[in-house]
Amino acid sequence: MNNTILQRFDLDGRTVAITGGGGALCGAMADALGTMGVKVAVLDISLEKAEIRAQAVIGSGGTALAFACDVLDPIQLRECCEAISSAWGPPDLLINGAGGNDPRGSTSADFEEPARATAQSFFDLDPAGFRHVFDLNFMGTFLTTQIFSRGMVARGRGSIVNISSMSAFMPLTKVAAYSAAKAAVSNFTQWLAVHFSHAGVRVNALAPGFFMTEQLRFLHIDSATGELLPRARQVIAHTPMGRYGRPDDLVGALVWLLSDASEFVTGVVVPIDGGFSSYSI
Ligand SMILES: NC(=O)c1ccc[n+]([C@@H]2O[C@H](COP(=O)([O-])OP(=O)(O)OC[C@H]3O[C@@H](n4cnc5c(N)ncnc54)[C@H](O)[C@@H]3O)[C@@H](O)[C@H]2O)c1
């Protein structure tokens, strides 16, 4: 690879806002970008988690600030955007990582079997829980983008990476609310990519496969025994590479999408899934 190509991946001196940056996957992104000279604003509903991550970035020689920020609160989002701009200048990179699942939006069985009772059937799903999952994953992405992209459009430069999921391509069993919400994230990624295509702002998404973080645990691990549940064995069997993802697996594609290396790429949802979405029998 010659230097010119490497330079196109260079992010040194840029500023990124990462929502959910205190979490497992986006925390790894914060770490990696910090080592590349990116100024990292870690936004999380938990100030403690944001601070721990920001300190880790700083401890590795990077530059970071922590913010308590709920992606469903436009006032907090606006305040964060202004604080980042005052500290470093306006962010030109955004990662919409805050998201997650909630058992209230998931059925306990794959299939409705009229003859067999289940702990939580489709008919038991709590509308408030369903709405919470939809709001967190989709509205959180929409609201954050609306606030942070205004400055990018004004300056004619920016790259936004949303975090979608395997459940967006084809809904996963049980996780009804999460699948619908992530499908909306992918759809919105494409819509906004087109809408901003004359404004110098690119919009793409990563669709992680299965990464054993806290939010996967309740569906994959038996909390009493610590054993893998049948669903976990199904996932591994359906992942040609035969393992869960590791947070660092996301970093290569993330850097590509954030940087000028992907300057003609907008509106794509990149699976990072060990082959899961390509596999049939
Ligand atoms: N773990 C996986 O296998 C997997 C797979 C596909 C997609 N994803 C997605 O990747 C992203 C990160 O997942 P993770 O596994 O690292 O989860 P995580 O729970 O470790 O991280 C999520 C972070 O978001 C924060 N958060 C929650 N609600 C928030 C709010 N309202 N405002 C701001 N921050 C909030 C949490 O405090 C947490 O730090 C999520 O969007 C998730 O849906 C994860």
# chains A, B, ... in the order shown; residues from 1 in each chain; ligands from 1
>>> select_by_dssp(residues="range 69-210 of chain A", states="strand (DSSP E or B)", output="list in words")
Leu93, Leu94, Ile95, Asn96, Gly158, Ser159, Ile160, Val161, Asn162, Ile163, Val201, Arg202, Val203, Asn204, Ala205, Leu206, Ala207 and Pro208 of chain A
>>> write_last_selection(atoms="C-alpha atoms", output="PDB file, in the first residue's frame")
ATOM      1  CA  LEU A  93     -17.776  12.636  12.773  1.00  0.00           C
ATOM      2  CA  LEU A  94     -20.720  11.019  14.573  1.00  0.00           C
ATOM      3  CA  ILE A  95     -21.278   7.443  15.704  1.00  0.00           C
ATOM      4  CA  ASN A  96     -24.841   6.657  16.780  1.00  0.00           C
ATOM      5  CA  GLY A 158     -19.110  15.071   7.738  1.00  0.00           C
ATOM      6  CA  SER A 159     -19.405  11.335   8.137  1.00  0.00           C
ATOM      7  CA  ILE A 160     -22.061   9.607  10.216  1.00  0.00           C
ATOM      8  CA  VAL A 161     -21.995   5.921  11.161  1.00  0.00           C
ATOM      9  CA  ASN A 162     -25.129   4.372  12.642  1.00  0.00           C
ATOM     10  CA  ILE A 163     -25.111   1.056  14.465  1.00  0.00           C
ATOM     11  CA  VAL A 201     -22.187  14.528   4.548  1.00  0.00           C
ATOM     12  CA  ARG A 202     -22.058  10.744   4.173  1.00  0.00           C
ATOM     13  CA  VAL A 203     -24.282   8.417   6.179  1.00  0.00           C
ATOM     14  CA  ASN A 204     -23.537   4.708   6.562  1.00  0.00           C
ATOM     15  CA  ALA A 205     -24.077   1.962   9.110  1.00  0.00           C
ATOM     16  CA  LEU A 206     -22.362  -1.049  10.609  1.00  0.00           C
ATOM     17  CA  ALA A 207     -24.494  -4.118  11.277  1.00  0.00           C
ATOM     18  CA  PRO A 208     -22.672  -6.134  13.940  1.00  0.00           C
TER      19      PRO A 208
END
>>> residues_near_ligand(ligand="ligand 1", cutoff="7 Å", atoms="only C-alpha atoms and all ligand atoms", output="ChimeraX atom specification")
/A:19-26,43-46,49,69-72,97-101,136-137,140,163-166,207-216
>>> write_last_selection(atoms="C-alpha atoms", output="short mmCIF file (atom, residue, chain, number, x, y, z; two decimals), in the first residue's frame")
data_model
loop_
_atom_site.label_atom_id
_atom_site.label_comp_id
_atom_site.auth_asym_id
_atom_site.auth_seq_id
_atom_site.Cartn_x
_atom_site.Cartn_y
_atom_site.Cartn_z
CA THR A 19 -23.30 8.00 21.73
CA GLY A 20 -23.34 4.94 23.92
CA GLY A 21 -19.58 5.47 24.08
CA GLY A 22 -19.45 4.07 27.60
CA GLY A 23 -20.62 0.66 26.34
CA ALA A 24 -18.73 -2.37 25.14
CA LEU A 25 -18.76 -1.94 21.36
CA CYS A 26 -18.64 1.84 21.16
CA LEU A 43 -21.62 10.50 25.34
CA ASP A 44 -23.52 8.08 27.52
CA ILE A 45 -26.63 8.14 29.70
CA SER A 46 -24.29 6.92 32.43
CA LYS A 49 -19.37 4.82 32.12
CA CYS A 69 -26.25 12.57 27.63
CA ASP A 70 -29.55 10.82 27.02
CA VAL A 71 -30.05 10.43 23.27
CA LEU A 72 -33.79 10.87 23.80
CA GLY A 97 -24.13 3.73 19.07
CA ALA A 98 -26.58 4.14 21.95
CA GLY A 99 -29.02 1.32 21.65
CA GLY A 100 -30.04 -1.98 23.02
CA ASN A 101 -32.74 -4.46 23.76
CA LEU A 136 -33.80 4.16 22.16
CA ASN A 137 -32.55 2.60 18.94
CA GLY A 140 -32.12 8.18 19.61
CA ILE A 163 -25.11 1.06 14.46
CA SER A 164 -27.67 -1.31 13.02
CA SER A 165 -27.82 -5.08 13.53
CA MET A 166 -28.29 -8.47 11.87
CA ALA A 207 -24.49 -4.12 11.28
CA PRO A 208 -22.67 -6.13 13.94
CA GLY A 209 -23.41 -9.82 14.14
CA PHE A 210 -23.32 -11.39 17.59
CA PHE A 211 -20.95 -9.91 20.13
CA MET A 212 -21.12 -11.31 23.66
CA THR A 213 -21.82 -8.08 25.52
CA GLU A 214 -24.23 -7.50 28.41
CA GLN A 215 -27.17 -6.92 26.13
CA LEU A 216 -26.81 -10.29 24.41
#
>>> atom_distance(atom1="CA of Tyr279 in chain A", atom2="CA of Asp102 in chain A")
27.2 Å
>>> closest_residue(among="A:Ala154, A:Ala177, A:Val235, A:Phe142", to="Pro127 in chain A", atoms="only C-alpha atoms")
A:Ala177
>>> residues_around(residues="range 105-119 of chain A", least_positions_apart="5", cutoff="9 Å", atoms="only C-alpha atoms", output="NGL selection string")
:A and (124-133 or 173-178)
>>> atom_distance(atom1="CA of Arg246 in chain A", atom2="CA of Val270 in chain A")
16.0 Å
>>> select_by_dssp(residues="range 146-277 of chain A", states="alpha helix (DSSP H)", output="ChimeraX atom specification")
/A:146-155,166-169,176-195,214-220,230-237,251-258
>>> residues_around(residues="Thr4 in chain A", least_positions_apart="6", cutoff="12 Å", atoms="only C-alpha atoms", output="MDAnalysis selection string")
chainID A and resid 10 260:261
>>> write_last_selection(atoms="all heavy atoms", output="mmCIF file, in the first residue's frame")
data_model
loop_
_atom_site.group_PDB
_atom_site.id
_atom_site.type_symbol
_atom_site.label_atom_id
_atom_site.label_comp_id
_atom_site.auth_asym_id
_atom_site.auth_seq_id
_atom_site.Cartn_x
_atom_site.Cartn_y
_atom_site.Cartn_z
ATOM 1 N N ASP A 10 -6.517 8.475 7.154
ATOM 2 C CA ASP A 10 -6.039 9.291 8.283
ATOM 3 C C ASP A 10 -7.194 10.071 8.916
ATOM 4 O O ASP A 10 -7.939 10.760 8.223
ATOM 5 C CB ASP A 10 -4.964 10.254 7.759
ATOM 6 C CG ASP A 10 -4.321 11.031 8.881
ATOM 7 O OD1 ASP A 10 -4.416 10.578 10.038
ATOM 8 O OD2 ASP A 10 -3.730 12.095 8.607
ATOM 9 N N ASP A 260 -11.824 9.498 4.632
ATOM 10 C CA ASP A 260 -11.955 9.794 3.198
ATOM 11 C C ASP A 260 -11.703 8.559 2.336
ATOM 12 O O ASP A 260 -11.940 8.600 1.128
ATOM 13 C CB ASP A 260 -10.959 10.896 2.808
ATOM 14 C CG ASP A 260 -11.320 12.216 3.482
ATOM 15 O OD1 ASP A 260 -12.445 12.334 3.997
ATOM 16 O OD2 ASP A 260 -10.457 13.125 3.498
ATOM 17 N N ALA A 261 -11.231 7.464 2.956
ATOM 18 C CA ALA A 261 -11.032 6.234 2.175
ATOM 19 C C ALA A 261 -12.350 5.754 1.566
ATOM 20 O O ALA A 261 -12.356 5.039 0.568
ATOM 21 C CB ALA A 261 -10.430 5.146 3.064
#
>>> residues_around(residues="Ser262 in chain A", least_positions_apart="4", cutoff="9 Å", atoms="only C-alpha atoms", output="compact mmCIF listing (two decimals) with all heavy atoms, in the first residue's frame")
# COMPACT_ATOMS: atom_id res chain seq x y z
N ARG A 8 -5.54 8.44 3.10
CA ARG A 8 -6.99 8.57 2.98
C ARG A 8 -7.72 7.96 4.18
O ARG A 8 -8.87 8.25 4.43
CB ARG A 8 -7.47 7.92 1.66
CG ARG A 8 -6.87 8.65 0.46
CD ARG A 8 -7.30 8.05 -0.84
NE ARG A 8 -8.71 8.29 -1.07
CZ ARG A 8 -9.43 7.65 -1.99
NH1 ARG A 8 -8.88 6.73 -2.74
NH2 ARG A 8 -10.70 7.94 -2.15
N PHE A 9 -7.02 7.12 4.93
CA PHE A 9 -7.61 6.56 6.17
C PHE A 9 -7.31 7.43 7.39
O PHE A 9 -7.76 7.13 8.48
CB PHE A 9 -7.06 5.15 6.42
CG PHE A 9 -7.61 4.10 5.49
CD1 PHE A 9 -6.99 3.80 4.29
CD2 PHE A 9 -8.76 3.39 5.83
CE1 PHE A 9 -7.50 2.83 3.44
CE2 PHE A 9 -9.27 2.42 4.99
CZ PHE A 9 -8.64 2.15 3.79
N TRP A 256 -12.73 2.95 8.00
CA TRP A 256 -12.97 3.10 6.55
C TRP A 256 -14.18 4.02 6.30
O TRP A 256 -14.11 4.97 5.51
CB TRP A 256 -13.20 1.71 5.94
CG TRP A 256 -13.66 1.71 4.52
CD1 TRP A 256 -12.97 2.22 3.45
CD2 TRP A 256 -14.90 1.20 4.03
NE1 TRP A 256 -13.73 2.05 2.30
CE2 TRP A 256 -14.91 1.43 2.64
CE3 TRP A 256 -16.00 0.57 4.62
CZ2 TRP A 256 -15.98 1.05 1.82
CZ3 TRP A 256 -17.06 0.19 3.82
CH2 TRP A 256 -17.05 0.44 2.44
N LEU A 257 -15.27 3.78 7.02
CA LEU A 257 -16.49 4.57 6.78
C LEU A 257 -16.35 6.01 7.26
O LEU A 257 -16.93 6.93 6.68
CB LEU A 257 -17.71 3.91 7.44
CG LEU A 257 -18.18 2.62 6.78
CD1 LEU A 257 -19.33 2.01 7.56
CD2 LEU A 257 -18.62 2.86 5.33
N LEU A 258 -15.61 6.22 8.35
CA LEU A 258 -15.47 7.59 8.85
C LEU A 258 -14.52 8.41 7.99
O LEU A 258 -14.65 9.62 7.89
CB LEU A 258 -14.93 7.58 10.29
CG LEU A 258 -15.87 7.10 11.40
CD1 LEU A 258 -15.13 7.09 12.75
CD2 LEU A 258 -17.12 7.96 11.50
N THR A 266 -21.86 5.98 0.41
CA THR A 266 -22.87 6.49 1.33
C THR A 266 -24.13 5.64 1.20
O THR A 266 -24.45 5.15 0.12
CB THR A 266 -23.15 8.00 1.07
OG1 THR A 266 -23.85 8.54 2.20
CG2 THR A 266 -23.95 8.27 -0.20
>>> residues_around(residues="Ala54 in chain A", least_positions_apart="3", cutoff="8 Å", atoms="only C-alpha atoms", output="PDB file with all heavy atoms, in the first residue's frame")
ATOM      1  N   VAL A  40     -12.072  12.538  21.019  1.00  0.00           N
ATOM      2  CA  VAL A  40     -13.224  11.658  21.224  1.00  0.00           C
ATOM      3  C   VAL A  40     -14.155  12.211  22.306  1.00  0.00           C
ATOM      4  O   VAL A  40     -13.765  12.323  23.478  1.00  0.00           O
ATOM      5  CB  VAL A  40     -12.751  10.244  21.641  1.00  0.00           C
ATOM      6  CG1 VAL A  40     -13.954   9.316  21.819  1.00  0.00           C
ATOM      7  CG2 VAL A  40     -11.787   9.665  20.619  1.00  0.00           C
ATOM      8  N   ALA A  41     -15.374  12.531  21.929  1.00  0.00           N
ATOM      9  CA  ALA A  41     -16.401  12.917  22.903  1.00  0.00           C
ATOM     10  C   ALA A  41     -17.236  11.681  23.200  1.00  0.00           C
ATOM     11  O   ALA A  41     -17.908  11.142  22.312  1.00  0.00           O
ATOM     12  CB  ALA A  41     -17.275  14.025  22.345  1.00  0.00           C
ATOM     13  N   VAL A  42     -17.143  11.212  24.441  1.00  0.00           N
ATOM     14  CA  VAL A  42     -17.870  10.005  24.845  1.00  0.00           C
ATOM     15  C   VAL A  42     -19.179  10.439  25.489  1.00  0.00           C
ATOM     16  O   VAL A  42     -19.184  11.052  26.562  1.00  0.00           O
ATOM     17  CB  VAL A  42     -17.034   9.188  25.857  1.00  0.00           C
ATOM     18  CG1 VAL A  42     -17.766   7.903  26.235  1.00  0.00           C
ATOM     19  CG2 VAL A  42     -15.650   8.874  25.296  1.00  0.00           C
ATOM     20  N   ALA A  50     -19.201   6.875  30.846  1.00  0.00           N
ATOM     21  CA  ALA A  50     -18.548   7.788  29.890  1.00  0.00           C
ATOM     22  C   ALA A  50     -17.190   8.224  30.435  1.00  0.00           C
ATOM     23  O   ALA A  50     -16.191   8.273  29.694  1.00  0.00           O
ATOM     24  CB  ALA A  50     -19.442   8.995  29.634  1.00  0.00           C
ATOM     25  N   GLU A  51     -17.151   8.500  31.734  1.00  0.00           N
ATOM     26  CA  GLU A  51     -15.886   8.976  32.315  1.00  0.00           C
ATOM     27  C   GLU A  51     -14.824   7.884  32.323  1.00  0.00           C
ATOM     28  O   GLU A  51     -13.658   8.129  32.040  1.00  0.00           O
ATOM     29  CB  GLU A  51     -16.127   9.505  33.741  1.00  0.00           C
ATOM     30  CG  GLU A  51     -16.699  10.911  33.695  1.00  0.00           C
ATOM     31  CD  GLU A  51     -17.050  11.482  35.061  1.00  0.00           C
ATOM     32  OE1 GLU A  51     -17.262  10.687  36.004  1.00  0.00           O
ATOM     33  OE2 GLU A  51     -17.131  12.718  35.153  1.00  0.00           O
ATOM     34  N   VAL A  57      -9.185   6.385  27.221  1.00  0.00           N
ATOM     35  CA  VAL A  57      -8.642   6.978  25.984  1.00  0.00           C
ATOM     36  C   VAL A  57      -7.464   7.887  26.330  1.00  0.00           C
ATOM     37  O   VAL A  57      -6.398   7.827  25.696  1.00  0.00           O
ATOM     38  CB  VAL A  57      -9.751   7.763  25.224  1.00  0.00           C
ATOM     39  CG1 VAL A  57      -9.166   8.553  24.057  1.00  0.00           C
ATOM     40  CG2 VAL A  57     -10.851   6.814  24.743  1.00  0.00           C
ATOM     41  N   ILE A  58      -7.663   8.710  27.358  1.00  0.00           N
ATOM     42  CA  ILE A  58      -6.600   9.643  27.763  1.00  0.00           C
ATOM     43  C   ILE A  58      -5.376   8.854  28.258  1.00  0.00           C
ATOM     44  O   ILE A  58      -4.234   9.172  27.923  1.00  0.00           O
ATOM     45  CB  ILE A  58      -7.130  10.608  28.853  1.00  0.00           C
ATOM     46  CG1 ILE A  58      -8.191  11.536  28.237  1.00  0.00           C
ATOM     47  CG2 ILE A  58      -5.993  11.418  29.481  1.00  0.00           C
ATOM     48  CD1 ILE A  58      -9.049  12.289  29.250  1.00  0.00           C
ATOM     49  N   ALA A  64      -9.875  13.056  25.083  1.00  0.00           N
ATOM     50  CA  ALA A  64     -11.287  12.663  25.226  1.00  0.00           C
ATOM     51  C   ALA A  64     -11.980  13.525  26.264  1.00  0.00           C
ATOM     52  O   ALA A  64     -11.338  14.050  27.174  1.00  0.00           O
ATOM     53  CB  ALA A  64     -11.374  11.188  25.637  1.00  0.00           C
ATOM     54  N   LEU A  65     -13.280  13.655  26.093  1.00  0.00           N
ATOM     55  CA  LEU A  65     -14.140  14.293  27.091  1.00  0.00           C
ATOM     56  C   LEU A  65     -15.341  13.383  27.315  1.00  0.00           C
ATOM     57  O   LEU A  65     -15.793  12.706  26.377  1.00  0.00           O
ATOM     58  CB  LEU A  65     -14.647  15.647  26.582  1.00  0.00           C
ATOM     59  CG  LEU A  65     -13.644  16.800  26.540  1.00  0.00           C
ATOM     60  CD1 LEU A  65     -14.251  17.993  25.805  1.00  0.00           C
ATOM     61  CD2 LEU A  65     -13.218  17.196  27.963  1.00  0.00           C
ATOM     62  N   ALA A  66     -15.846  13.393  28.553  1.00  0.00           N
ATOM     63  CA  ALA A  66     -17.027  12.561  28.879  1.00  0.00           C
ATOM     64  C   ALA A  66     -18.238  13.458  29.090  1.00  0.00           C
ATOM     65  O   ALA A  66     -18.122  14.532  29.675  1.00  0.00           O
ATOM     66  CB  ALA A  66     -16.743  11.775  30.157  1.00  0.00           C
TER      67      ALA A  66
END
>>> atom_distance(atom1="CA of Ser186 in chain A", atom2="CA of Asp31 in chain A")
25.0 Å
>>> closest_residue(among="A:Gln146, A:Cys81, A:Ala17, A:Phe138", to="Ala180 in chain A", atoms="only C-alpha atoms")
A:Phe138
